[in-house]
$ cat input.tsv   # TSV, C-alpha atoms
chain	number	residue	atom	x	y	z
A	1	MET	CA	23.30	-22.19	13.19
A	2	ASN	CA	21.86	-25.64	12.49
A	3	ASN	CA	18.68	-24.57	10.70
A	4	THR	CA	18.31	-22.74	7.39
A	5	PRO	CA	17.02	-19.22	8.14
A	6	ARG	CA	13.48	-18.48	6.94
A	7	ALA	CA	14.87	-15.74	4.74
A	8	ASN	CA	16.72	-18.41	2.70
A	9	ARG	CA	13.72	-20.73	2.33
A	10	LYS	CA	11.15	-20.81	-0.46
A	11	HIS	CA	7.82	-19.53	0.88
A	12	ILE	CA	4.75	-21.52	-0.20
A	13	GLY	CA	1.28	-20.12	0.52
A	14	PHE	CA	-2.13	-21.83	0.60
A	15	TYR	CA	-5.12	-19.76	-0.52
A	16	GLY	CA	-8.81	-20.29	-1.11
A	17	LYS	CA	-12.25	-19.86	0.39
A	18	ARG	CA	-13.20	-20.96	3.90
A	19	ASN	CA	-13.56	-24.69	4.38
A	20	ALA	CA	-11.92	-25.50	1.04
A	21	GLY	CA	-9.46	-27.75	2.86
A	22	LYS	CA	-6.30	-25.61	2.76
A	23	SER	CA	-5.22	-26.54	6.28
A	24	SER	CA	-5.84	-30.27	5.80
A	25	ILE	CA	-3.83	-30.34	2.58
A	26	MET	CA	-0.93	-28.44	4.14
A	27	ASN	CA	-0.94	-30.75	7.16
A	28	ASP	CA	-0.89	-33.82	4.92
A	29	ILE	CA	1.97	-32.53	2.76
A	30	ILE	CA	4.02	-31.71	5.85
A	31	GLY	CA	3.00	-34.87	7.68
A	32	GLN	CA	2.19	-32.93	10.84
A	33	LYS	CA	-0.95	-31.35	12.29
A	34	ILE	CA	0.24	-27.76	12.09
A	35	SER	CA	-3.01	-25.96	11.31
A	36	LEU	CA	-6.24	-26.52	13.23
A	37	VAL	CA	-8.79	-28.38	11.09
A	38	SER	CA	-12.56	-28.21	11.54
A	39	GLU	CA	-15.77	-28.44	9.53
A	40	ILE	CA	-16.62	-24.96	10.83
A	41	LYS	CA	-15.92	-22.22	8.30
A	42	GLY	CA	-13.15	-19.78	9.19
A	43	THR	CA	-11.19	-22.04	11.56
A	44	THR	CA	-7.92	-20.57	10.29
A	45	THR	CA	-7.88	-16.85	11.09
A	46	ASP	CA	-4.35	-15.45	11.12
A	47	PRO	CA	-1.73	-16.91	8.74
A	48	VAL	CA	0.10	-19.92	10.19
A	49	SER	CA	3.74	-20.55	9.16
A	50	LYS	CA	5.86	-23.67	9.48
A	51	SER	CA	9.47	-24.18	8.41
A	52	VAL	CA	10.06	-27.72	7.13
A	53	GLU	CA	12.31	-29.84	4.92
A	54	LEU	CA	10.40	-30.65	1.75
A	55	ILE	CA	12.28	-33.76	0.69
A	56	PRO	CA	13.93	-33.98	-1.79
A	57	PHE	CA	13.65	-30.27	-2.63
A	58	GLY	CA	15.01	-28.76	0.60
A	59	PRO	CA	14.07	-26.16	3.22
A	60	VAL	CA	10.79	-24.30	2.71
A	61	VAL	CA	8.22	-22.31	4.69
A	62	PHE	CA	4.56	-23.30	4.36
A	63	ILE	CA	2.01	-20.57	5.09
A	64	ASP	CA	-1.65	-21.42	5.72
A	65	THR	CA	-4.05	-18.49	5.38
A	66	GLY	CA	-7.61	-17.60	6.32
A	67	GLY	CA	-10.44	-17.88	3.84
A	68	ILE	CA	-10.57	-15.13	1.21
A	69	ASP	CA	-14.37	-15.06	1.49
A	70	ASP	CA	-14.38	-14.21	5.20
A	71	GLU	CA	-17.10	-11.76	6.22
A	72	GLY	CA	-17.78	-8.99	8.71
A	73	GLN	CA	-15.42	-6.44	10.21
A	74	LEU	CA	-13.04	-9.03	11.64
A	75	GLY	CA	-13.29	-11.07	8.44
A	76	GLU	CA	-12.13	-8.11	6.37
A	77	LEU	CA	-9.09	-7.74	8.62
A	78	ARG	CA	-8.32	-11.44	8.19
A	79	VAL	CA	-8.59	-11.20	4.41
A	80	GLU	CA	-6.25	-8.20	4.53
A	81	LYS	CA	-3.70	-10.30	6.43
A	82	THR	CA	-4.08	-13.07	3.85
A	83	MET	CA	-3.47	-10.63	0.99
A	84	LYS	CA	-0.39	-9.27	2.75
A	85	THR	CA	1.25	-12.72	2.69
A	86	LEU	CA	1.40	-12.42	-1.11
A	87	GLU	CA	4.28	-9.98	-0.59
A	88	LYS	CA	6.60	-12.81	0.47
A	89	ILE	CA	5.25	-15.87	-1.35
A	90	ASP	CA	7.50	-17.65	-3.87
A	91	PHE	CA	4.88	-20.23	-4.82
A	92	ALA	CA	1.10	-20.43	-4.32
A	93	ILE	CA	-1.39	-23.28	-3.98
A	94	TYR	CA	-4.97	-22.18	-4.60
A	95	VAL	CA	-7.52	-24.64	-3.18
A	96	MET	CA	-11.15	-25.08	-4.23
A	97	GLU	CA	-13.72	-27.57	-2.96
A	98	ILE	CA	-15.03	-29.66	-5.85
A	99	THR	CA	-18.67	-28.75	-5.07
A	100	ASP	CA	-17.85	-25.05	-4.85
A	101	ILE	CA	-15.74	-24.18	-7.88
A	102	ASP	CA	-15.97	-20.39	-7.91
A	103	ASP	CA	-14.61	-18.64	-11.00
A	104	ASN	CA	-14.76	-15.13	-9.54
A	105	TYR	CA	-12.46	-15.69	-6.55
A	106	HIS	CA	-10.20	-17.92	-8.61
A	107	LYS	CA	-9.77	-15.35	-11.40
A	108	GLU	CA	-9.08	-12.59	-8.90
A	109	PHE	CA	-6.31	-14.55	-7.23
A	110	VAL	CA	-4.74	-15.81	-10.43
A	111	GLU	CA	-4.50	-12.17	-11.53
A	112	GLU	CA	-2.76	-11.39	-8.23
A	113	PHE	CA	-0.34	-14.30	-8.75
A	114	LYS	CA	0.48	-13.21	-12.29
A	115	LYS	CA	0.82	-9.54	-11.34
A	116	ARG	CA	3.33	-10.49	-8.66
A	117	ASP	CA	5.07	-13.13	-10.82
A	118	ILE	CA	4.13	-15.95	-8.42
A	119	PRO	CA	3.96	-19.45	-9.97
A	120	TYR	CA	1.00	-21.49	-8.74
A	121	ILE	CA	-0.96	-24.74	-8.71
A	122	ILE	CA	-4.77	-24.94	-8.68
A	123	VAL	CA	-5.98	-27.74	-6.37
A	124	ILE	CA	-9.53	-29.07	-6.58
A	125	ASN	CA	-10.10	-30.76	-3.25
A	126	LYS	CA	-12.50	-33.27	-1.69
A	127	THR	CA	-12.86	-35.44	-4.79
A	128	ASP	CA	-14.12	-38.20	-2.49
A	129	ILE	CA	-17.47	-36.45	-1.92
A	130	VAL	CA	-18.62	-36.72	-5.57
A	131	SER	CA	-19.27	-39.75	-7.72
A	132	GLU	CA	-16.72	-41.07	-10.19
A	133	GLU	CA	-18.99	-39.98	-13.03
A	134	ARG	CA	-19.24	-36.41	-11.72
A	135	LEU	CA	-15.50	-36.27	-11.12
A	136	GLU	CA	-14.73	-37.32	-14.69
A	137	GLU	CA	-17.26	-34.81	-15.98
A	138	ILE	CA	-15.56	-31.96	-14.10
A	139	LYS	CA	-12.13	-33.05	-15.28
A	140	SER	CA	-13.37	-33.24	-18.86
A	141	ASN	CA	-14.92	-29.76	-18.68
A	142	ILE	CA	-11.70	-28.26	-17.37
A	143	ASP	CA	-9.62	-30.00	-20.06
A	144	ASN	CA	-11.98	-29.09	-22.89
A	145	GLU	CA	-12.48	-25.45	-21.92
A	146	LYS	CA	-8.80	-24.98	-21.03
A	147	LYS	CA	-10.00	-22.50	-18.45
A	148	TRP	CA	-7.27	-23.21	-15.90
A	149	GLU	CA	-3.59	-24.11	-15.82
A	150	ASN	CA	-1.73	-26.46	-13.48
A	151	VAL	CA	-4.81	-28.20	-12.03
A	152	VAL	CA	-4.44	-31.09	-9.58
A	153	PHE	CA	-7.36	-33.09	-8.13
A	154	VAL	CA	-6.93	-34.38	-4.58
A	155	SER	CA	-8.63	-35.82	-1.56
A	156	THR	CA	-7.02	-35.83	1.86
A	157	LYS	CA	-8.38	-39.36	2.22
A	158	ASP	CA	-6.27	-40.44	-0.75
A	159	SER	CA	-2.57	-40.58	0.16
A	160	ASP	CA	-1.58	-41.22	-3.46
A	161	ALA	CA	-3.30	-38.00	-4.54
A	162	ILE	CA	-1.48	-36.03	-1.84
A	163	SER	CA	1.82	-37.60	-2.91
A	164	HIS	CA	1.08	-36.60	-6.50
A	165	LEU	CA	0.38	-33.01	-5.40
A	166	LYS	CA	3.63	-32.98	-3.44
A	167	ASP	CA	5.51	-34.26	-6.50
A	168	GLU	CA	3.95	-31.54	-8.67
A	169	LEU	CA	4.91	-28.91	-6.11
A	170	ILE	CA	8.52	-30.09	-6.01
A	171	LYS	CA	8.68	-30.28	-9.80
A	172	ASN	CA	7.49	-26.67	-10.09
A	173	LEU	CA	9.87	-25.49	-7.36
A	174	ASP	CA	12.80	-27.24	-9.06
A	175	ALA	CA	11.92	-25.59	-12.39
A	176	ASP	CA	11.91	-22.18	-10.74
A	177	GLU	CA	15.02	-22.78	-8.64
A	178	GLU	CA	18.19	-20.91	-9.45
A	179	GLU	CA	21.51	-21.03	-7.64
A	180	GLU	CA	21.90	-18.07	-5.35
A	181	THR	CA	25.27	-16.96	-4.15
A	182	LEU	CA	26.59	-13.95	-2.30
A	183	ILE	CA	30.04	-13.72	-3.90
A	184	GLY	CA	30.60	-17.11	-5.55
A	185	ASP	CA	29.97	-15.56	-8.98
A	186	ILE	CA	32.55	-12.77	-8.59
A	187	ILE	CA	35.35	-14.38	-6.56
A	188	PRO	CA	37.19	-17.32	-8.19
A	189	TYR	CA	37.66	-20.75	-6.70
A	190	GLY	CA	40.59	-20.55	-4.27
A	191	GLY	CA	40.21	-16.77	-3.95
A	192	LYS	CA	40.83	-14.98	-0.67
A	193	VAL	CA	38.32	-12.88	1.27
A	194	ILE	CA	38.90	-11.06	4.54
A	195	MET	CA	35.82	-10.41	6.67
A	196	VAL	CA	36.09	-7.55	9.13
A	197	VAL	CA	33.88	-8.04	12.18
A	198	PRO	CA	34.12	-5.22	14.72
A	199	ILE	CA	33.29	-6.26	18.27
A	200	ASP	CA	31.23	-3.42	19.70
A	201	ALA	CA	28.05	-2.94	21.72
A	202	GLU	CA	25.93	-4.06	18.75
A	203	ALA	CA	27.79	-7.36	18.27
A	204	PRO	CA	25.80	-10.26	19.79
A	205	LYS	CA	27.79	-11.88	22.58
A	206	GLY	CA	29.19	-15.30	21.71
A	207	ARG	CA	27.98	-15.40	18.12
A	208	LEU	CA	28.09	-13.80	14.69
A	209	ILE	CA	25.20	-12.02	12.99
A	210	LEU	CA	23.36	-13.73	10.14
A	211	PRO	CA	25.03	-11.97	7.15
A	212	GLN	CA	28.47	-12.89	8.50
A	213	VAL	CA	27.49	-16.53	8.96
A	214	GLN	CA	25.92	-16.67	5.50
A	215	LEU	CA	29.00	-15.20	3.82
A	216	ILE	CA	31.28	-17.71	5.55
A	217	ARG	CA	29.04	-20.54	4.32
A	218	ASP	CA	28.96	-19.09	0.80
A	219	CYS	CA	32.76	-19.05	0.76
A	220	LEU	CA	32.86	-22.68	1.88
A	221	ASP	CA	30.34	-23.67	-0.79
A	222	HIS	CA	32.44	-22.10	-3.55
A	223	GLY	CA	35.93	-23.01	-2.39
A	224	ILE	CA	36.81	-19.44	-1.40
A	225	LYS	CA	39.28	-19.02	1.44
A	226	SER	CA	37.82	-16.77	4.14
A	227	TYR	CA	39.61	-15.03	6.98
A	228	VAL	CA	37.62	-13.46	9.82
A	229	VAL	CA	39.30	-10.70	11.83
A	230	ARG	CA	38.41	-7.73	13.98
A	231	ASP	CA	39.10	-4.26	12.65
A	232	THR	CA	41.96	-4.01	15.13
A	233	GLU	CA	43.75	-6.98	13.47
A	234	LEU	CA	42.94	-6.06	9.85
A	235	ALA	CA	46.24	-4.35	9.04
A	236	SER	CA	48.33	-7.30	10.20
A	237	ALA	CA	46.02	-9.74	8.38
A	238	ILE	CA	46.64	-7.85	5.11
A	239	GLU	CA	50.37	-8.09	5.72
A	240	ASP	CA	50.09	-11.85	6.32
A	241	LEU	CA	48.21	-12.57	3.09
A	242	LYS	CA	48.93	-12.14	-0.60
A	243	ASP	CA	46.57	-11.72	-3.55
A	244	ILE	CA	43.51	-10.73	-1.51
A	245	ASP	CA	40.43	-10.61	-3.75
A	246	LEU	CA	38.03	-8.80	-1.45
A	247	VAL	CA	37.66	-7.25	1.99
A	248	VAL	CA	34.15	-7.23	3.45
A	249	THR	CA	33.43	-5.04	6.45
A	250	ASP	CA	30.57	-4.08	8.68
A	251	SER	CA	29.17	-0.87	7.18
A	252	GLN	CA	29.71	1.04	10.41
A	253	ALA	CA	33.47	0.58	10.10
A	254	PHE	CA	33.68	1.69	6.43
A	255	LYS	CA	35.64	4.86	7.13
A	256	GLU	CA	38.30	3.21	9.29
A	257	VAL	CA	38.62	0.11	7.11
A	258	ASP	CA	38.92	2.20	3.93
A	259	LYS	CA	42.02	3.85	5.40
A	260	ILE	CA	43.62	0.48	6.16
A	261	VAL	CA	42.86	-1.47	2.98
A	262	PRO	CA	45.13	-0.61	0.01
A	263	LYS	CA	43.26	0.86	-2.96
A	264	SER	CA	44.39	-2.09	-5.09
A	265	ILE	CA	42.14	-4.41	-3.04
A	266	ASN	CA	38.38	-4.43	-3.54
A	267	LEU	CA	36.33	-3.36	-0.53
A	268	THR	CA	32.60	-3.68	0.22
A	269	SER	CA	30.24	-4.36	3.12
A	270	PHE	CA	28.02	-7.19	4.34
A	271	SER	CA	24.98	-4.96	3.85
A	272	ILE	CA	25.81	-4.20	0.22
A	273	ILE	CA	26.37	-7.91	-0.48
A	274	MET	CA	22.97	-8.72	1.03
A	275	ALA	CA	21.38	-5.87	-0.96
A	276	ARG	CA	22.76	-7.34	-4.17
A	277	GLN	CA	21.39	-10.80	-3.42
A	278	LYS	CA	17.97	-9.79	-2.08
A	279	GLY	CA	17.29	-6.67	-4.13
A	280	ASP	CA	18.55	-4.80	-7.16
A	281	MET	CA	21.85	-2.94	-6.97
A	282	ASN	CA	20.97	-0.49	-9.75
A	283	THR	CA	17.74	0.53	-8.00
A	284	PHE	CA	19.60	1.19	-4.76
A	285	LEU	CA	22.26	3.20	-6.59
A	286	GLU	CA	19.55	5.27	-8.29
A	287	GLY	CA	17.99	5.88	-4.89
A	288	ILE	CA	21.20	7.33	-3.50
A	289	LYS	CA	21.18	10.02	-6.20
A	290	VAL	CA	18.36	11.90	-4.48
A	291	ILE	CA	20.41	12.58	-1.34
A	292	GLU	CA	21.76	15.94	-2.51
A	293	SER	CA	18.35	17.09	-3.75
A	294	LEU	CA	17.00	16.66	-0.21
A	295	LYS	CA	18.95	19.77	0.74
A	296	GLU	CA	16.36	21.77	-1.23
A	297	LYS	CA	13.44	20.46	0.85
A	298	GLU	CA	12.40	22.29	3.99
A	299	THR	CA	12.12	19.15	6.13
A	300	PRO	CA	12.84	15.93	4.21
A	301	LYS	CA	10.74	12.94	5.32
A	302	ILE	CA	12.75	9.70	5.39
A	303	LEU	CA	11.68	6.16	6.25
A	304	ILE	CA	14.29	3.90	7.82
A	305	MET	CA	13.18	0.29	7.41
A	306	GLU	CA	14.55	-2.66	9.41
A	307	SER	CA	13.71	-6.25	8.48
A	308	CYS	CA	13.83	-7.45	12.08
A	309	SER	CA	12.96	-6.21	15.55
A	310	HIS	CA	15.74	-5.81	18.09
A	311	ASN	CA	16.73	-3.76	21.10
A	312	THR	CA	18.55	-0.55	20.26
A	313	SER	CA	21.61	1.04	21.84
A	314	HIS	CA	23.64	4.21	21.47
A	315	GLU	CA	25.48	2.50	18.58
A	316	ASP	CA	22.41	1.27	16.66
A	317	ILE	CA	23.05	1.73	12.96
A	318	GLY	CA	19.46	2.37	11.87
A	319	LYS	CA	18.05	4.48	14.67
A	320	VAL	CA	21.20	6.32	15.74
A	321	LYS	CA	24.16	6.30	13.36
A	322	ILE	CA	22.42	6.80	10.01
A	323	PRO	CA	20.18	9.64	11.25
A	324	LYS	CA	23.17	11.35	12.83
A	325	LEU	CA	25.37	11.06	9.73
A	326	LEU	CA	22.61	12.05	7.31
A	327	THR	CA	21.56	15.05	9.39
A	328	LYS	CA	25.17	16.23	9.47
A	329	HIS	CA	25.58	15.69	5.71
A	330	LEU	CA	22.41	17.59	4.76
A	331	GLY	CA	22.93	20.23	7.43
A	332	LYS	CA	19.26	20.46	8.32
A	333	GLU	CA	16.44	18.92	10.32
A	334	ILE	CA	15.08	15.64	8.92
A	335	ASP	CA	11.75	14.00	9.73
A	336	PHE	CA	12.84	10.40	10.36
A	337	HIS	CA	10.31	7.58	10.63
A	338	PHE	CA	11.22	4.05	11.73
A	339	ARG	CA	9.50	0.75	10.92
A	340	MET	CA	10.48	-2.85	11.68
A	341	GLY	CA	9.65	-6.35	10.47
A	342	GLU	CA	6.67	-6.71	8.14
A	343	ASP	CA	5.28	-3.29	9.05
A	344	PHE	CA	5.89	-1.69	5.63
A	345	PRO	CA	3.76	1.49	5.47
A	346	LYS	CA	0.94	2.04	2.99
A	347	ASP	CA	1.50	5.80	2.75
A	348	LEU	CA	4.87	5.47	0.99
A	349	GLU	CA	4.13	8.38	-1.33
A	350	THR	CA	4.52	10.75	1.63
A	351	TYR	CA	8.24	9.90	1.96
A	352	ASP	CA	11.13	11.47	0.07
A	353	LEU	CA	13.37	8.43	0.53
A	354	VAL	CA	13.30	4.90	1.94
A	355	ILE	CA	16.51	3.55	3.48
A	356	HIS	CA	16.33	-0.22	3.93
A	357	CYS	CA	18.58	-2.54	5.92
A	358	GLY	CA	20.42	-5.42	4.26
A	359	SER	CA	17.22	-7.51	4.63
A	360	CYS	CA	19.00	-10.64	5.87
A	361	MET	CA	15.80	-11.63	7.73
A	362	LEU	CA	13.57	-11.23	4.66
A	363	ASN	CA	13.24	-13.58	1.73
A	364	LYS	CA	14.05	-12.22	-1.72
A	365	LYS	CA	10.39	-12.06	-2.75
A	366	THR	CA	9.55	-9.68	0.09
A	367	MET	CA	12.38	-7.35	-0.80
A	368	GLU	CA	11.45	-7.42	-4.47
A	369	THR	CA	7.87	-6.57	-3.55
A	370	ARG	CA	8.96	-3.61	-1.45
A	371	MET	CA	11.14	-2.29	-4.24
A	372	ARG	CA	8.29	-2.69	-6.73
A	373	VAL	CA	5.89	-0.80	-4.44
A	374	CYS	CA	8.42	2.02	-4.03
A	375	ASN	CA	8.87	2.18	-7.80
A	376	ASP	CA	5.10	2.20	-8.42
A	377	LYS	CA	4.68	5.12	-6.02
A	378	GLY	CA	7.69	7.01	-7.31
A	379	VAL	CA	9.62	6.83	-4.04
A	380	PRO	CA	13.40	6.23	-4.24
A	381	ILE	CA	14.82	3.43	-2.11
A	382	THR	CA	18.39	2.67	-1.09
A	383	ASN	CA	20.29	0.45	1.32
A	384	TYR	CA	22.12	0.97	4.63
A	385	GLY	CA	25.51	-0.08	3.28
A	386	ILE	CA	25.23	1.93	0.08
A	387	LEU	CA	24.19	5.02	2.02
A	388	LEU	CA	27.04	4.69	4.51
A	389	ALA	CA	29.54	4.18	1.69
A	390	TYR	CA	28.17	7.31	0.00
A	391	LEU	CA	28.35	9.41	3.15
A	392	THR	CA	31.88	8.14	3.75
A	393	GLY	CA	32.89	9.11	0.21
A	394	ILE	CA	33.80	5.59	-0.93
A	395	LEU	CA	30.66	4.45	-2.77
A	396	ASN	CA	32.42	3.88	-6.10
A	397	ARG	CA	35.00	1.72	-4.41
A	398	ALA	CA	32.37	-0.21	-2.40
A	399	VAL	CA	30.40	-1.29	-5.48
A	400	LYS	CA	33.27	-1.64	-7.96
A	401	VAL	CA	33.61	-5.39	-7.42
A	402	PHE	CA	30.00	-5.91	-8.56
A	403	ILE	CA	30.13	-3.77	-11.69
$ encode --input "input.tsv" --output "structure tokens"
Amino acid sequence: MNNTPRANRKHIGFYGKRNAGKSSIMNDIIGQKISLVSEIKGTTTDPVSKSVELIPFGPVVFIDTGGIDDEGQLGELRVEKTMKTLEKIDFAIYVMEITDIDDNYHKEFVEEFKKRDIPYIIVINKTDIVSEERLEEIKSNIDNEKKWENVVFVSTKDSDAISHLKDELIKNLDADEEEETLIGDIIPYGGKVIMVVPIDAEAPKGRLILPQVQLIRDCLDHGIKSYVVRDTELASAIEDLKDIDLVVTDSQAFKEVDKIVPKSINLTSFSIIMARQKGDMNTFLEGIKVIESLKEKETPKILIMESCSHNTSHEDIGKVKIPKLLTKHLGKEIDFHFRMGEDFPKDLETYDLVIHCGSCMLNKKTMETRMRVCNDKGVPITNYGILLAYLTGILNRAVKVFI
């Protein structure tokens, strides 16, 4: 993998009314004509995403959105799509045209940013279309009234102004940046980790899946020695090595791997590691506590949520293995519902439990948003790996290394 996955990039969204200049500003920051630009209002309809290297910060995803003042039946759908992007945004740029500074829309969106803990910059655009006197008057009013924070004035005809905006963006991203690691904070430098990668019908031919690749890279970044083996070679690998700090397995092989790995060695799964990085371990562990109470419900309704779309097989973990194991454990019929990608349902309150994948294809903000929504609606949520460890009877062992 030569490119940083989108899930590991900061997501930066552009918001504002139609024709405020969102697309032009994004294009100028990137240095490419990504979004279509026109004087006609509503040129940008659906959100447009572009993965780029924001030098010197690093890999990011820019998202251009439709105008929040769009009208009509189609316009309402477009605004709904724009609002949905807030679920995954790490940083927001709100754009206003200097001759159309609208407090109502601005206040509404700033409230959304603050509610979702999204840092932001307010950009007042098209400064070239007003006189110097009027520009200074507007700047003075904003400074004196202290009505807004983080305001930057720009014109796409002024390269220095765009460079200044880019610098401000990077400065804010740097201030909010924190080192993320999968296991670098729990395994010492020079430690040893064995990764168990079963080769079955679900394993992509000729390559590893994203969580496996990311864990290998995390080990390299933190000076941790990693050993990748199939489940069939695990026993001999343990014999070959001394002082093993951790064994990480595919969740589907938990039961078999648990029998092989001595109890003195910590054991967990790729899914649980991803859940810890993207979500909140305590929330997932609380979610697993409702499993036994589902036995009291006539027909429990459970949502199984995947972060990506893929073809399924007879060994698919989300659509086949988890439903089969959970049905056997509860000993009753379960009403399973399946969703993929960004299709997170609005009627969450109708579910008794949400079981989410490791979310390797989602950025952290999206997963945090989903957990917050579940919490707000009183719906427990847990994770594939944690559920499988629970059903296998080894949950305490699987999370011990993190506690």
$ closest_residue --input "input.tsv" --among "A:Ala389, A:Cys357, A:Met26, A:Met96" --to "Ser269 (chain A)" --atoms "only C-alpha atoms"
A:Ala389
$ closest_residue --input "input.tsv" --among "A:Leu353, A:Met195, A:Ile186, A:Met367" --to "Met274 (chain A)" --atoms "only C-alpha atoms"
A:Met367
$ atom_distance --input "input.tsv" --atom1 "CA of Lys166 (chain A)" --atom2 "CA of Pro119 (chain A)"
15.0 Å
$ residues_around --input "input.tsv" --residues "Met281 (chain A)" --least-positions-apart "4" --cutoff "12 Å" --atoms "only C-alpha atoms" --output "short mmCIF file (atom, residue, chain, number, x, y, z; two decimals) with C-alpha atoms, in the coordinates of the input"
data_model
loop_
_atom_site.label_atom_id
_atom_site.label_comp_id
_atom_site.auth_asym_id
_atom_site.auth_seq_id
_atom_site.Cartn_x
_atom_site.Cartn_y
_atom_site.Cartn_z
CA SER A 271 24.98 -4.96 3.85
CA ILE A 272 25.81 -4.20 0.22
CA ILE A 273 26.37 -7.91 -0.48
CA MET A 274 22.97 -8.72 1.03
CA ALA A 275 21.38 -5.87 -0.96
CA ARG A 276 22.76 -7.34 -4.17
CA GLN A 277 21.39 -10.80 -3.42
CA LEU A 285 22.26 3.20 -6.59
CA GLU A 286 19.55 5.27 -8.29
CA GLY A 287 17.99 5.88 -4.89
CA ILE A 288 21.20 7.33 -3.50
CA GLY A 358 20.42 -5.42 4.26
CA GLU A 368 11.45 -7.42 -4.47
CA MET A 371 11.14 -2.29 -4.24
CA ILE A 381 14.82 3.43 -2.11
CA THR A 382 18.39 2.67 -1.09
CA ASN A 383 20.29 0.45 1.32
CA GLY A 385 25.51 -0.08 3.28
CA ILE A 386 25.23 1.93 0.08
CA ALA A 398 32.37 -0.21 -2.40
CA VAL A 399 30.40 -1.29 -5.48
CA LYS A 400 33.27 -1.64 -7.96
CA PHE A 402 30.00 -5.91 -8.56
CA ILE A 403 30.13 -3.77 -11.69
#
$ axis_aligned_box --input "input.tsv" --around "region 67-81 of chain A" --padding-each-side "8 Å" --output "AutoDock Vina command-line options"
--center_x -10.7 --center_y -12.2 --center_z 6.4 --size_x 30.1 --size_y 27.4 --size_z 26.4
$ atom_distance --input "input.tsv" --atom1 "CA of Val257 (chain A)" --atom2 "CA of His222 (chain A)"
25.4 Å
$ residues_around --input "input.tsv" --residues "region 205-217 of chain A" --least-positions-apart "5" --cutoff "7 Å" --atoms "only C-alpha atoms" --output "list in words"
Leu182, Ser226, Phe270 and Cys360 of chain A
$ residues_near_point --input "input.tsv" --point "(-10.7, -18.4, 5.2)" --cutoff "6 Å" --atoms "only C-alpha atoms" --output "short mmCIF file (atom, residue, chain, number, x, y, z; two decimals) with C-alpha atoms, in the frame of the given file"
data_model
loop_
_atom_site.label_atom_id
_atom_site.label_comp_id
_atom_site.auth_asym_id
_atom_site.auth_seq_id
_atom_site.Cartn_x
_atom_site.Cartn_y
_atom_site.Cartn_z
CA LYS A 17 -12.25 -19.86 0.39
CA ARG A 18 -13.20 -20.96 3.90
CA GLY A 42 -13.15 -19.78 9.19
CA GLY A 66 -7.61 -17.60 6.32
CA GLY A 67 -10.44 -17.88 3.84
CA ILE A 68 -10.57 -15.13 1.21
CA ASP A 70 -14.38 -14.21 5.20
#
$ closest_atom_pairs --input "input.tsv" --of "region 133-214 of chain A" --to "region 237-243 of chain A" --cutoff "10 Å" --atoms "only C-alpha atoms" --output "CSV"
residue,atom,partner,partner_atom,distance
A:Gly191,CA,A:Asp243,CA,8.1
A:Lys192,CA,A:Asp243,CA,7.2
A:Val193,CA,A:Asp243,CA,9.6
A:Ile194,CA,A:Ala237,CA,8.2
$ atom_distance --input "input.tsv" --atom1 "CA of Glu349 (chain A)" --atom2 "CA of Pro47 (chain A)"
27.8 Å
$ decode --input "input.tsv" --residues "region 113-142 of chain A" --atoms "C-alpha atoms" --output "CSV table (one decimal), in the first residue's frame"
chain,number,residue,atom,x,y,z
A,113,PHE,CA,-19.4,22.5,14.9
A,114,LYS,CA,-19.3,23.1,18.6
A,115,LYS,CA,-21.8,20.4,19.4
A,116,ARG,CA,-19.7,17.9,17.4
A,117,ASP,CA,-16.4,19.2,18.8
A,118,ILE,CA,-15.2,20.2,15.3
A,119,PRO,CA,-12.6,23.0,15.2
A,120,TYR,CA,-13.2,25.5,12.5
A,121,ILE,CA,-12.1,28.6,10.6
A,122,ILE,CA,-14.5,31.3,9.3
A,123,VAL,CA,-13.4,32.5,5.8
A,124,ILE,CA,-14.8,35.8,4.4
A,125,ASN,CA,-14.3,35.4,0.6
A,126,LYS,CA,-14.2,37.7,-2.4
A,127,THR,CA,-12.5,40.6,-0.7
A,128,ASP,CA,-11.5,41.9,-4.2
A,129,ILE,CA,-15.1,42.9,-5.0
A,130,VAL,CA,-15.3,45.6,-2.3
A,131,SER,CA,-13.3,48.8,-1.8
A,132,GLU,CA,-10.4,49.0,0.6
A,133,GLU,CA,-12.4,51.3,2.8
A,134,ARG,CA,-15.3,48.9,3.0
A,135,LEU,CA,-13.0,46.0,3.6
A,136,GLU,CA,-11.3,47.8,6.6
A,137,GLU,CA,-14.7,48.7,7.9
A,138,ILE,CA,-15.9,45.1,7.9
A,139,LYS,CA,-12.7,43.9,9.6
A,140,SER,CA,-13.0,46.6,12.2
A,141,ASN,CA,-16.6,45.7,12.9
A,142,ILE,CA,-15.7,42.1,13.4
